[in-house]
$ cat structure_17.txt   # compact mmCIF, C-alpha atoms
# COMPACT_ATOMS: atom_id res chain seq x y z
CA MET A 671 -18.21 19.94 23.25
CA SER A 672 -19.68 16.65 24.41
CA SER A 673 -17.66 13.52 23.81
CA ALA A 674 -20.21 12.30 21.26
CA GLU A 675 -19.64 15.44 19.21
CA SER A 676 -15.86 15.28 19.44
CA ASN A 677 -16.03 11.73 18.09
CA HIS A 678 -17.65 12.97 14.88
CA HIS A 679 -15.46 13.92 11.92
CA GLU A 680 -15.81 14.91 8.29
CA VAL A 681 -13.43 12.13 7.35
CA ILE A 682 -11.86 9.18 9.14
CA ILE A 683 -8.77 7.62 7.60
CA ILE A 684 -8.09 4.02 8.62
CA GLY A 685 -4.41 3.15 8.27
CA SER A 686 -1.26 5.26 8.19
CA GLY A 687 1.15 4.11 5.51
CA PRO A 688 2.10 6.33 2.55
CA ALA A 689 -1.50 6.19 1.22
CA GLY A 690 -3.27 7.06 4.48
CA LEU A 691 -0.86 9.81 5.47
CA THR A 692 -0.95 11.41 2.00
CA ALA A 693 -4.76 11.35 2.19
CA ALA A 694 -4.40 12.99 5.63
CA ILE A 695 -2.11 15.75 4.29
CA TYR A 696 -4.53 16.55 1.46
CA THR A 697 -7.77 16.38 3.45
CA ALA A 698 -6.19 18.37 6.28
CA ARG A 699 -5.10 21.10 3.88
CA ALA A 700 -8.69 21.11 2.57
CA ASN A 701 -9.79 21.99 6.15
CA LEU A 702 -11.49 18.64 6.70
CA SER A 703 -9.59 18.01 9.99
CA PRO A 704 -9.17 14.27 9.38
CA LEU A 705 -9.01 11.68 12.13
CA VAL A 706 -6.35 9.07 11.37
CA ILE A 707 -6.73 5.79 13.23
CA GLU A 708 -3.17 4.73 12.59
CA GLY A 709 -2.95 1.23 14.07
CA GLU A 710 -0.78 0.10 16.96
CA PRO A 711 2.85 -0.95 17.33
CA SER A 712 3.71 -4.48 16.21
CA SER A 713 6.71 -6.23 14.72
CA THR A 714 4.91 -6.97 11.48
CA SER A 715 4.08 -4.41 8.81
CA ASP A 716 0.63 -4.12 10.41
CA GLN A 717 1.73 -1.05 12.39
CA PRO A 718 1.65 2.77 12.18
CA GLY A 719 3.67 3.74 9.10
CA GLY A 720 3.07 0.38 7.42
CA GLN A 721 5.47 -1.76 5.44
CA LEU A 722 8.19 0.90 5.16
CA MET A 723 8.67 0.67 8.93
CA LEU A 724 10.42 -2.66 8.40
CA THR A 725 12.69 -1.53 5.59
CA THR A 726 16.10 0.08 5.70
CA GLU A 727 17.16 2.37 2.92
CA VAL A 728 14.59 3.47 0.33
CA GLU A 729 16.43 4.43 -2.86
CA ASN A 730 13.53 5.01 -5.24
CA PHE A 731 11.36 7.57 -3.46
CA PRO A 732 11.63 10.79 -5.51
CA GLY A 733 13.09 13.77 -3.70
CA PHE A 734 15.70 11.80 -1.77
CA PRO A 735 18.74 11.53 -4.06
CA GLU A 736 20.85 10.14 -1.21
CA GLY A 737 18.16 7.63 -0.21
CA VAL A 738 16.13 7.73 2.98
CA MET A 739 15.49 5.25 5.77
CA GLY A 740 11.94 3.81 5.55
CA PRO A 741 10.97 4.65 9.17
CA ASP A 742 12.41 8.18 8.80
CA LEU A 743 10.41 8.74 5.64
CA MET A 744 7.21 7.69 7.37
CA MET A 745 8.00 9.95 10.33
CA LYS A 746 8.22 12.85 7.88
CA PHE A 747 4.89 11.90 6.25
CA ARG A 748 3.30 11.87 9.70
CA GLU A 749 4.80 15.20 10.76
CA GLN A 750 3.55 16.78 7.57
CA ALA A 751 0.02 15.50 8.21
CA ALA A 752 0.17 16.65 11.85
CA ARG A 753 1.20 20.15 10.74
CA PHE A 754 -2.25 20.66 9.18
CA SER A 755 -4.71 19.73 11.95
CA THR A 756 -4.76 15.96 11.66
CA THR A 757 -5.77 14.02 14.78
CA PHE A 758 -4.14 10.64 15.38
CA ILE A 759 -5.33 7.68 17.41
CA THR A 760 -2.64 5.04 17.89
CA GLU A 761 -4.98 2.07 18.04
CA LYS A 762 -6.55 -0.46 15.73
CA VAL A 763 -10.09 -0.24 14.42
CA THR A 764 -12.02 -3.23 15.74
CA LYS A 765 -15.34 -2.88 13.92
CA VAL A 766 -16.99 -0.81 11.20
CA ASP A 767 -20.58 -0.14 10.17
CA PHE A 768 -20.94 1.50 6.77
CA SER A 769 -24.64 0.69 6.32
CA ASN A 770 -25.82 4.17 7.36
CA ARG A 771 -24.46 7.69 7.25
CA PRO A 772 -22.74 8.95 9.25
CA PHE A 773 -20.51 5.88 9.06
CA SER A 774 -19.42 4.25 12.33
CA VAL A 775 -15.99 3.01 13.29
CA TRP A 776 -15.15 1.41 16.64
CA VAL A 777 -11.89 1.21 18.53
CA ARG A 778 -12.87 -1.42 21.11
CA ASP A 779 -15.76 0.28 23.01
CA THR A 780 -15.30 3.78 21.63
CA LYS A 781 -17.39 4.73 18.65
CA TYR A 782 -16.33 7.34 16.09
CA THR A 783 -18.55 8.61 13.32
CA ALA A 784 -17.77 10.34 10.03
CA GLN A 785 -19.39 11.65 6.89
CA SER A 786 -16.79 9.86 4.81
CA ILE A 787 -14.16 7.14 5.22
CA ILE A 788 -10.82 6.56 3.54
CA VAL A 789 -9.57 2.97 3.85
CA SER A 790 -5.78 2.62 3.64
CA THR A 791 -5.06 -0.41 5.79
CA GLY A 792 -2.38 -1.75 3.43
CA ALA A 793 -1.08 -5.26 3.24
CA GLN A 794 1.08 -7.46 5.44
CA SER A 795 3.55 -10.28 5.03
CA ILE A 796 2.28 -13.77 4.47
CA MET A 797 3.76 -16.37 6.80
CA LEU A 798 4.70 -19.89 5.68
CA GLY A 799 1.72 -21.48 7.38
CA LEU A 800 3.80 -24.28 8.89
CA GLU A 801 2.70 -26.04 12.02
CA ASN A 802 5.50 -24.98 14.37
CA GLU A 803 6.10 -21.55 12.84
CA LYS A 804 4.73 -19.63 15.84
CA ARG A 805 6.90 -21.53 18.29
CA PHE A 806 10.10 -20.48 16.53
CA TYR A 807 9.07 -16.87 16.09
CA GLY A 808 11.77 -14.90 17.89
CA HIS A 809 13.89 -18.02 18.30
CA GLY A 810 15.42 -18.12 14.88
CA LEU A 811 12.38 -17.28 12.76
CA SER A 812 11.93 -13.62 11.97
CA THR A 813 9.80 -11.31 9.87
CA CYS A 814 12.05 -8.29 10.41
CA ALA A 815 15.60 -8.42 9.04
CA THR A 816 16.40 -4.90 10.22
CA CYS A 817 15.37 -5.82 13.79
CA ASP A 818 16.93 -9.22 14.11
CA GLY A 819 19.82 -9.49 11.63
CA PHE A 820 22.21 -8.42 14.39
CA PHE A 821 21.54 -11.62 16.34
CA PHE A 822 22.90 -13.77 13.51
CA LYS A 823 26.45 -12.46 13.36
CA GLY A 824 28.74 -15.01 11.73
CA GLN A 825 25.91 -17.53 11.32
CA GLU A 826 24.40 -19.25 8.30
CA ILE A 827 20.81 -18.26 7.65
CA ALA A 828 18.12 -18.47 4.97
CA VAL A 829 15.63 -16.09 3.40
CA VAL A 830 12.47 -17.47 1.78
CA GLY A 831 11.08 -15.63 -1.24
CA GLY A 832 12.06 -14.21 -4.60
CA GLY A 833 10.64 -10.69 -4.74
CA ASP A 834 12.17 -7.32 -3.95
CA SER A 835 11.64 -7.61 -0.21
CA ALA A 836 13.29 -11.05 -0.06
CA ILE A 837 16.31 -9.86 -2.02
CA GLU A 838 16.58 -6.64 -0.02
CA GLU A 839 16.49 -8.60 3.23
CA ALA A 840 19.05 -11.13 2.01
CA THR A 841 21.42 -8.38 0.89
CA PHE A 842 21.00 -6.54 4.19
CA LEU A 843 21.55 -9.73 6.20
CA THR A 844 24.96 -10.34 4.60
CA LYS A 845 26.21 -7.51 6.83
CA PHE A 846 25.87 -9.92 9.74
CA ALA A 847 25.57 -13.50 8.54
CA SER A 848 28.47 -15.52 7.14
CA LYS A 849 26.19 -16.98 4.48
CA VAL A 850 22.64 -16.26 3.33
CA THR A 851 20.75 -18.82 1.27
CA ILE A 852 17.75 -17.56 -0.67
CA VAL A 853 15.16 -20.30 -0.93
CA HIS A 854 12.85 -19.66 -3.86
CA ARG A 855 10.18 -21.95 -5.27
CA ARG A 856 10.84 -20.88 -8.87
CA GLU A 857 13.87 -20.71 -11.10
CA THR A 858 13.81 -16.96 -11.65
CA LEU A 859 13.41 -14.01 -9.32
CA ARG A 860 10.51 -11.57 -9.37
CA ALA A 861 12.72 -8.86 -7.90
CA SER A 862 13.75 -5.80 -9.91
CA LYS A 863 16.87 -6.10 -12.08
CA ILE A 864 19.05 -3.89 -9.90
CA MET A 865 18.19 -5.90 -6.76
CA GLN A 866 18.82 -9.17 -8.60
CA GLN A 867 22.23 -8.05 -9.79
CA ARG A 868 23.22 -7.05 -6.28
CA ALA A 869 22.20 -10.41 -4.88
CA LEU A 870 23.69 -12.49 -7.70
CA SER A 871 27.06 -10.75 -7.38
CA ASN A 872 27.15 -10.93 -3.58
CA PRO A 873 29.64 -13.67 -2.59
CA LYS A 874 27.78 -14.34 0.68
CA ILE A 875 24.48 -15.09 -1.06
CA GLU A 876 23.63 -18.52 -2.42
CA PHE A 877 20.43 -19.67 -4.09
CA LYS A 878 18.28 -22.75 -3.66
CA TRP A 879 16.06 -22.64 -6.74
CA ASN A 880 12.79 -24.55 -7.15
CA SER A 881 12.68 -25.19 -3.43
CA GLN A 882 9.96 -24.87 -0.87
CA VAL A 883 10.30 -24.83 2.91
CA THR A 884 8.15 -27.62 4.31
CA GLU A 885 9.44 -27.96 7.83
CA ILE A 886 11.20 -25.99 10.55
CA LEU A 887 13.68 -28.08 12.52
CA GLY A 888 15.02 -27.57 16.03
CA THR A 889 14.18 -27.99 19.68
CA GLN A 890 14.52 -24.70 21.57
CA LYS A 891 16.02 -22.68 18.76
CA LEU A 892 15.74 -23.07 15.02
CA GLN A 893 18.46 -25.42 13.75
CA GLY A 894 17.50 -25.99 10.13
CA VAL A 895 14.74 -26.21 7.58
CA GLY A 896 13.36 -29.08 5.57
CA LEU A 897 13.08 -28.39 1.84
CA VAL A 898 11.35 -30.08 -1.02
CA ASP A 899 12.35 -29.65 -4.67
CA THR A 900 9.26 -28.33 -6.48
CA ILE A 901 10.20 -30.21 -9.70
CA THR A 902 11.66 -33.53 -8.57
CA GLY A 903 9.90 -33.76 -5.20
CA GLN A 904 13.22 -34.65 -3.59
CA LYS A 905 13.60 -33.73 0.07
CA SER A 906 16.64 -32.13 1.59
CA GLN A 907 17.75 -30.30 4.70
CA LEU A 908 19.40 -26.91 5.03
CA ASP A 909 21.30 -26.30 8.27
CA VAL A 910 20.66 -22.70 9.27
CA THR A 911 20.13 -20.94 12.59
CA GLY A 912 17.91 -18.23 11.20
CA LEU A 913 15.00 -18.06 8.77
CA PHE A 914 13.60 -14.83 7.39
CA VAL A 915 10.27 -15.01 5.62
CA ALA A 916 9.45 -12.69 2.70
CA ILE A 917 7.09 -14.61 0.45
CA GLY A 918 4.55 -11.95 -0.36
CA HIS A 919 1.68 -9.97 1.04
CA ARG A 920 -2.03 -10.16 1.71
CA PRO A 921 -4.31 -7.15 2.07
CA ASN A 922 -5.53 -6.15 5.54
CA THR A 923 -9.22 -6.40 4.75
CA ASP A 924 -10.60 -8.78 7.39
CA LEU A 925 -12.37 -5.79 8.94
CA PHE A 926 -14.33 -5.16 5.73
CA LYS A 927 -15.48 -8.69 4.87
CA GLY A 928 -19.12 -8.58 3.85
CA VAL A 929 -19.02 -4.77 3.97
CA LEU A 930 -16.91 -3.64 1.01
CA ALA A 931 -16.64 -5.35 -2.38
CA MET A 932 -13.38 -7.24 -2.73
CA GLU A 933 -11.57 -9.61 -5.07
CA ASP A 934 -11.29 -13.29 -4.16
CA SER A 935 -7.75 -12.49 -3.03
CA GLY A 936 -9.14 -9.99 -0.52
CA TYR A 937 -8.02 -6.79 -2.27
CA LEU A 938 -10.69 -4.08 -2.19
CA LYS A 939 -12.37 -3.25 -5.47
CA THR A 940 -12.28 0.37 -6.57
CA ARG A 941 -13.93 1.95 -9.58
CA PRO A 942 -11.19 2.06 -12.30
CA GLY A 943 -9.23 5.29 -12.32
CA SER A 944 -10.67 6.38 -8.96
CA SER A 945 -10.73 5.52 -5.28
CA TYR A 946 -14.51 4.95 -5.08
CA THR A 947 -15.54 1.68 -3.44
CA ASN A 948 -18.98 0.10 -3.80
CA ILE A 949 -20.25 2.26 -0.92
CA ASP A 950 -20.85 5.92 -1.62
CA GLY A 951 -18.63 7.99 0.67
CA VAL A 952 -16.14 5.21 1.37
CA PHE A 953 -12.87 5.45 -0.54
CA ALA A 954 -9.88 3.10 -0.70
CA CYS A 955 -6.26 3.76 -1.56
CA GLY A 956 -2.81 2.20 -1.38
CA ASP A 957 -1.89 -1.48 -1.21
CA VAL A 958 -5.26 -2.50 0.22
CA GLN A 959 -6.66 -2.06 -3.32
CA ASP A 960 -3.49 -2.47 -5.41
CA HIS A 961 -1.82 -5.80 -6.08
CA THR A 962 -0.06 -4.55 -9.20
CA TYR A 963 2.31 -1.72 -8.31
CA ARG A 964 2.61 -1.85 -4.48
CA GLN A 965 5.16 0.97 -4.18
CA ALA A 966 5.36 3.74 -1.60
CA ILE A 967 5.05 6.33 -4.36
CA THR A 968 2.01 4.72 -6.00
CA ALA A 969 0.38 4.31 -2.59
CA ALA A 970 1.00 7.99 -1.88
CA GLY A 971 -0.39 8.91 -5.30
CA SER A 972 -3.56 6.91 -4.71
CA GLY A 973 -3.87 8.47 -1.23
CA CYS A 974 -3.95 11.84 -2.95
CA MET A 975 -6.64 10.57 -5.35
CA ALA A 976 -8.76 9.35 -2.42
CA ALA A 977 -8.44 12.70 -0.65
CA ILE A 978 -9.53 14.62 -3.75
CA ASP A 979 -12.35 12.15 -4.49
CA CYS A 980 -13.48 12.42 -0.88
CA GLU A 981 -13.30 16.22 -0.78
CA ARG A 982 -15.36 16.56 -4.00
CA TRP A 983 -17.85 13.98 -2.84
CA LEU A 984 -18.35 15.79 0.49
CA GLU A 985 -18.75 19.07 -1.39
CA ALA A 986 -21.48 17.54 -3.57
CA GLN A 987 -23.44 16.43 -0.47
CA HIS A 988 -24.12 20.00 0.67
CA MET B 609 16.12 9.69 32.80
CA ALA B 610 13.79 12.62 32.59
CA ASP B 611 10.87 10.57 31.26
CA GLY B 612 10.95 8.19 34.24
CA ILE B 613 12.46 5.31 32.27
CA ILE B 614 15.51 3.64 33.81
CA THR B 615 18.52 2.81 31.62
CA LEU B 616 19.91 -0.62 32.43
CA THR B 617 23.46 -1.67 31.63
CA SER B 618 25.58 -4.74 32.32
CA VAL B 619 26.86 -2.84 35.37
CA ASN B 620 23.55 -2.03 37.05
CA PHE B 621 21.25 -4.73 35.66
CA ASP B 622 21.43 -7.39 38.40
CA GLU B 623 21.37 -5.00 41.30
CA THR B 624 18.47 -2.97 39.93
CA VAL B 625 16.33 -6.01 39.12
CA LYS B 626 17.08 -7.77 42.45
CA SER B 627 16.64 -4.80 44.73
CA SER B 628 13.37 -3.54 43.28
CA THR B 629 10.21 -4.20 45.25
CA THR B 630 8.13 -2.96 42.30
CA PRO B 631 7.84 -5.12 39.16
CA ILE B 632 10.22 -4.02 36.40
CA LEU B 633 9.34 -4.11 32.72
CA VAL B 634 12.56 -4.27 30.70
CA ASP B 635 12.51 -3.36 27.02
CA PHE B 636 15.40 -4.91 25.05
CA TRP B 637 16.03 -2.60 22.11
CA ALA B 638 18.57 -1.10 19.70
CA GLU B 639 18.95 2.06 17.69
CA TRP B 640 18.56 0.34 14.31
CA CYS B 641 15.25 -1.37 15.11
CA GLY B 642 12.17 0.42 13.72
CA PRO B 643 9.53 -1.40 15.79
CA CYS B 644 11.64 -0.66 18.90
CA LYS B 645 11.31 3.06 18.18
CA ALA B 646 7.56 2.67 17.87
CA MET B 647 7.61 1.38 21.47
CA ASN B 648 9.13 4.58 22.87
CA PRO B 649 5.90 6.61 23.22
CA VAL B 650 4.06 3.54 24.57
CA LEU B 651 6.71 2.90 27.23
CA ALA B 652 6.94 6.59 28.13
CA GLU B 653 3.18 6.73 28.74
CA ILE B 654 3.21 3.57 30.85
CA ALA B 655 6.15 4.88 32.91
CA LYS B 656 4.33 8.14 33.54
CA GLU B 657 0.89 6.74 34.27
CA GLN B 658 1.86 3.65 36.27
CA VAL B 659 4.26 5.17 38.81
CA GLY B 660 4.35 2.80 41.79
CA ASN B 661 2.76 -0.07 39.85
CA VAL B 662 5.56 -0.86 37.46
CA ILE B 663 9.03 0.46 36.69
CA VAL B 664 9.87 0.78 33.02
CA ALA B 665 13.49 0.14 32.01
CA LYS B 666 15.41 -0.15 28.77
CA LEU B 667 18.43 -2.22 27.87
CA ASN B 668 20.38 -1.58 24.67
CA VAL B 669 21.27 -5.01 23.22
CA ASP B 670 23.99 -3.50 21.05
CA GLU B 671 25.89 -2.21 24.05
CA HIS B 672 25.00 -4.88 26.59
CA GLY B 673 24.68 -8.01 24.48
CA GLU B 674 25.66 -10.36 27.32
CA ILE B 675 22.48 -9.51 29.24
CA ALA B 676 20.38 -10.08 26.11
CA GLN B 677 22.16 -13.39 25.59
CA ARG B 678 21.49 -14.48 29.18
CA PHE B 679 17.75 -14.20 28.51
CA ASN B 680 17.99 -15.73 25.01
CA VAL B 681 16.87 -12.53 23.33
CA MET B 682 17.15 -13.15 19.57
CA SER B 683 14.52 -10.75 18.32
CA ILE B 684 13.76 -7.20 19.34
CA PRO B 685 11.87 -5.55 20.75
CA THR B 686 11.60 -8.17 23.49
CA MET B 687 10.01 -7.20 26.77
CA ILE B 688 10.63 -9.08 29.99
CA LEU B 689 8.78 -8.53 33.23
CA PHE B 690 10.78 -9.10 36.44
CA LYS B 691 9.32 -9.36 39.92
CA ASP B 692 11.25 -10.09 43.12
CA GLY B 693 14.40 -10.40 41.02
CA GLU B 694 12.96 -13.20 38.89
CA MET B 695 11.87 -13.22 35.28
CA GLN B 696 8.09 -13.70 35.17
CA LYS B 697 7.16 -13.25 31.55
CA GLN B 698 8.70 -12.57 28.18
CA VAL B 699 7.03 -11.24 25.05
CA ILE B 700 8.51 -10.69 21.59
CA GLY B 701 7.49 -7.94 19.19
CA ALA B 702 6.19 -4.40 19.48
CA LYS B 703 2.87 -4.02 21.28
CA GLY B 704 0.28 -1.32 21.79
CA LYS B 705 -0.23 0.25 25.21
CA SER B 706 -3.46 -1.57 26.05
CA GLN B 707 -1.98 -4.91 24.97
CA LEU B 708 1.11 -4.35 27.08
CA LEU B 709 -0.83 -3.22 30.16
CA ALA B 710 -3.08 -6.28 29.92
CA TRP B 711 0.02 -8.47 29.55
CA ILE B 712 1.61 -7.22 32.80
CA SER B 713 -1.63 -6.79 34.76
CA GLU B 714 -1.46 -10.14 36.59
CA PHE B 715 1.80 -9.08 38.27
CA THR B 716 0.84 -5.53 39.08
CA SER B 717 -2.08 -3.61 40.53
CA ILE B 718 -2.94 -2.03 37.19
CA LYS B 719 -6.57 -1.65 36.36
CA ASN B 720 -7.36 -1.47 32.67

$ encode --input "structure_17.txt" --output "C-alpha cells"
Amino acid sequence: MSSAESNHHEVIIIGSGPAGLTAAIYTARANLSPLVIEGEPSSTSDQPGGQLMLTTEVENFPGFPEGVMGPDLMMKFREQAARFSTTFITEKVTKVDFSNRPFSVWVRDTKYTAQSIIVSTGAQSIMLGLENEKRFYGHGLSTCATCDGFFFKGQEIAVVGGGDSAIEEATFLTKFASKVTIVHRRETLRASKIMQQRALSNPKIEFKWNSQVTEILGTQKLQGVGLVDTITGQKSQLDVTGLFVAIGHRPNTDLFKGVLAMEDSGYLKTRPGSSYTNIDGVFACGDVQDHTYRQAITAAGSGCMAAIDCERWLEAQH
Amino acid sequence: MADGIITLTSVNFDETVKSSTTPILVDFWAEWCGPCKAMNPVLAEIAKEQVGNVIVAKLNVDEHGEIAQRFNVMSIPTMILFKDGEMQKQVIGAKGKSQLLAWISEFTSIKN
C-alpha cells in the first residue's frame, strides 16, 4: 500500500472525548475502520480524552455505581474503540478542506483524506482574559485542580466560577487548602443542587457573591486578587496564594471558521435531532455542538448518533 | 527502568544531574495528575528514539517534594531541561512529542 492510500479512510473522527470515542466504537463495529485524530497532551481540556481528563470522580455516569475517575473512564472508552480496529493519531489537526470529496484533513504537513468526517473537538475552559494571567500560570494560577491542588497545602486559595466544575474543584481543593473562597459574579450558583449542598455545608468553603476578579496581584508568585462588586462597583482585595479558574467553556471550532455553519458563540450548527452539519458527509457531535446539556453521557449519546448518521450516509453513497 | 527512563529521587538527583554529559529532561509528576499520565507515552518515545541526545528522567513530587520546591514547581507536569548540571529551561503543562522535541532542540543535537 502506498502512503497516499494508507492515508485514506472511510471516516476520520476529529477529537477523542466521550463523543468522538463513542463514534469510533460504533463506526469501528460497522467495519468502517475509523481514524481518530485524538489531539495532543496539554494541561487544558484540549487534550486526548477531553474535559474528563481534568476531573476526579465521576458519580453520574451510568454503569459505575461506585463512581469512576474521569481519566480512567476515558481510558476505557479508548480501549473499547481500539478493540475494534480504530487507528489513533496523537496529534492535532492543523487544517481542513471540506470543499471537495474526499475531504482533506492535515496534521502539519501530512494530509489525510476521508469519505466522511465526524467532528467532536469539544470545548475548553475560558480563561479570565486578564493582562498578566499568562505570567502567573503555574505560579499560583491553575486550570487543573487535580494536578495542582497538592501544592496549596494549608494555604488560602480562591476558585472563580459558579457552575458544576467550579464547585467540584472547590470541594476537591478543600482536601489541601485551609480555606477556599468561591468568587462568583452572581448571587446564586448554576451548579447542580447536590454539588451546591456539598459546597454550602463545607466549613472550609466561603463565598464572595456578586464579585468579579479584575486583577491578579503578586511579583514572582500570585499573592492575591483584586475584586470588584458587580452591584456596588466597590473594589476589594482577597489575599490568596492560589487561583483556580472555572468560569465556563468555549467550543473548539477555530479550525472550522468559514467552513462549517456555527452560532455566533462558535458552537457548530447541526440539523435538529441529528448530527448533520451544513456540509453533506460532515457530522458533529458532543460539546462542540451542544451548549445545553454538556454531559459525558449526552456527548457519548450524540457520538452514537453521528456514527449511525455517518454509516447510513456512506451506505446511501454507493 | 526498562523503558530507558531514569527515576530521580532526593538521594540521586544532584549527582545524576551534575555528572551527566548528556542533557537531562526531568519530568516532575505525581500519580494523581491526569495530564502527567498523558506524558508517559510521549516521554517513553523520546527516551527510546533520542538515546545519546537526551536523557529522560522522572521525579515524583509527592515523594521528593523538596526537589520540586527547590525549582519552584507549583504545577505539574513541569519539565526542566538540565545541561552541564545547570537548569536551562522550564516548561509547565503537558506537551505533545513534536512540541517537546522542538522545545529541547537548541540544547541537543535533535533534528526534527

$ atom_distance --input "structure_17.txt" --atom1 "atom CA of A:Ser712" --atom2 "atom CA of B:Lys645"
10.9 Å

$ interface_residues --input "structure_17.txt" --of "chain A" --to "chain B" --cutoff "9 Å" --atoms "all atoms listed in the file" --output "PyMOL selection string"
chain A and resi 709-714+717-718+723-726+740-741+760-761+807-812+814+816-822

$ atom_distance --input "structure_17.txt" --atom1 "atom CA of A:Asn922" --atom2 "atom CA of A:Ala793"
5.1 Å

$ atom_distance --input "structure_17.txt" --atom1 "atom CA of A:Phe731" --atom2 "atom CA of A:Ala689"
13.8 Å

$ axis_aligned_box --input "structure_17.txt" --around "stretch 922-929 of chain A" --padding-each-side "4 Å" --output "JSON"
{"center_x": -12.3, "center_y": -6.8, "center_z": 6.4, "size_x": 21.6, "size_y": 12.0, "size_z": 13.1}

$ residues_around --input "structure_17.txt" --residues "A:Ile917" --least-positions-apart "5" --cutoff "12 Å" --atoms "all atoms listed in the file" --output "PyMOL selection string"
chain A and resi 794-799+813+829-837+839+852-856+859-861+882-883

$ residues_around --input "structure_17.txt" --residues "stretch 690-698 of chain A" --least-positions-apart "2" --cutoff "8 Å" --atoms "all atoms listed in the file" --output "PyMOL selection string"
chain A and resi 683-688+700-704+706+747-748+750-752+754-756+788-791+955-956+970-971+973-978+981

$ residues_around --input "structure_17.txt" --residues "B:Lys626" --least-positions-apart "4" --cutoff "9 Å" --atoms "only C-alpha atoms" --output "NGL selection string"
:B and (621-622 or 690-694)

$ residues_around --input "structure_17.txt" --residues "stretch 678-682 of chain A" --least-positions-apart "2" --cutoff "6 Å" --atoms "only C-alpha atoms" --output "list in words"
Glu675, Ser676, Leu702, Pro704, Leu705, Val706, Tyr782, Thr783, Ala784, Gln785, Ser786 and Ile787 of chain A

$ closest_residue --input "structure_17.txt" --among "B:Asn661, B:Leu633, B:Leu667, B:Pro649" --to "B:Ser618" --atoms "only C-alpha atoms"
B:Leu667

$ residues_near_point --input "structure_17.txt" --point "(12.2, 7.6, 29.8)" --cutoff "8 Å" --atoms "all atoms listed in the file" --output "list in words"
Met609, Ala610, Asp611, Gly612, Ile613, Ile614, Leu651, Ala652, Ala655, Val664 and Ala665 of chain B

$ residues_around --input "structure_17.txt" --residues "B:Val619" --least-positions-apart "2" --cutoff "12 Å" --atoms "all atoms listed in the file" --output "list in words"
Thr615, Leu616, Thr617, Phe621, Asp622, Glu623, Thr624, Val625, Leu667, Glu671, His672, Glu674 and Ile675 of chain B

$ residues_near_point --input "structure_17.txt" --point "(17.5, -23.9, -8.1)" --cutoff "8 Å" --atoms "all atoms listed in the file" --output "VMD selection string"
chain A and resid 854 856 to 857 877 to 881

$ closest_residue --input "structure_17.txt" --among "A:Glu838, A:Asp934, A:Glu826, A:Glu749" --to "A:Glu729" --atoms "all atoms listed in the file"
A:Glu838

$ closest_residue --input "structure_17.txt" --among "B:Arg678, B:Gln696, B:Leu689, B:Ile654" --to "B:Ile632" --atoms "all atoms listed in the file"
B:Leu689

$ closest_residue --input "structure_17.txt" --among "A:Asp979, A:Asp779, A:Asp957, A:Asp899" --to "A:Ser944" --atoms "only C-alpha atoms"
A:Asp979

$ decode --input "structure_17.txt" --residues "stretch 916-935 of chain A" --atoms "C-alpha atoms" --output "CSV table (one decimal), in the first residue's frame"
chain,number,residue,atom,x,y,z
A,916,ALA,CA,-13.6,27.6,36.2
A,917,ILE,CA,-15.8,30.2,34.5
A,918,GLY,CA,-17.2,28.2,31.6
A,919,HIS,CA,-16.3,26.8,28.2
A,920,ARG,CA,-16.0,27.8,24.6
A,921,PRO,CA,-16.2,25.3,21.7
A,922,ASN,CA,-13.0,24.3,19.9
A,923,THR,CA,-14.2,25.4,16.5
A,924,ASP,CA,-11.4,27.8,15.3
A,925,LEU,CA,-10.4,25.1,12.8
A,926,PHE,CA,-13.8,25.2,11.1
A,927,LYS,CA,-14.3,29.0,10.9
A,928,GLY,CA,-15.7,29.8,7.4
A,929,VAL,CA,-16.1,26.1,6.7
A,930,LEU,CA,-18.9,24.8,8.9
A,931,ALA,CA,-22.0,26.8,9.9
A,932,MET,CA,-21.8,27.9,13.5
A,933,GLU,CA,-23.7,30.0,16.1
A,934,ASP,CA,-22.3,33.4,17.0
A,935,SER,CA,-20.9,31.8,20.1
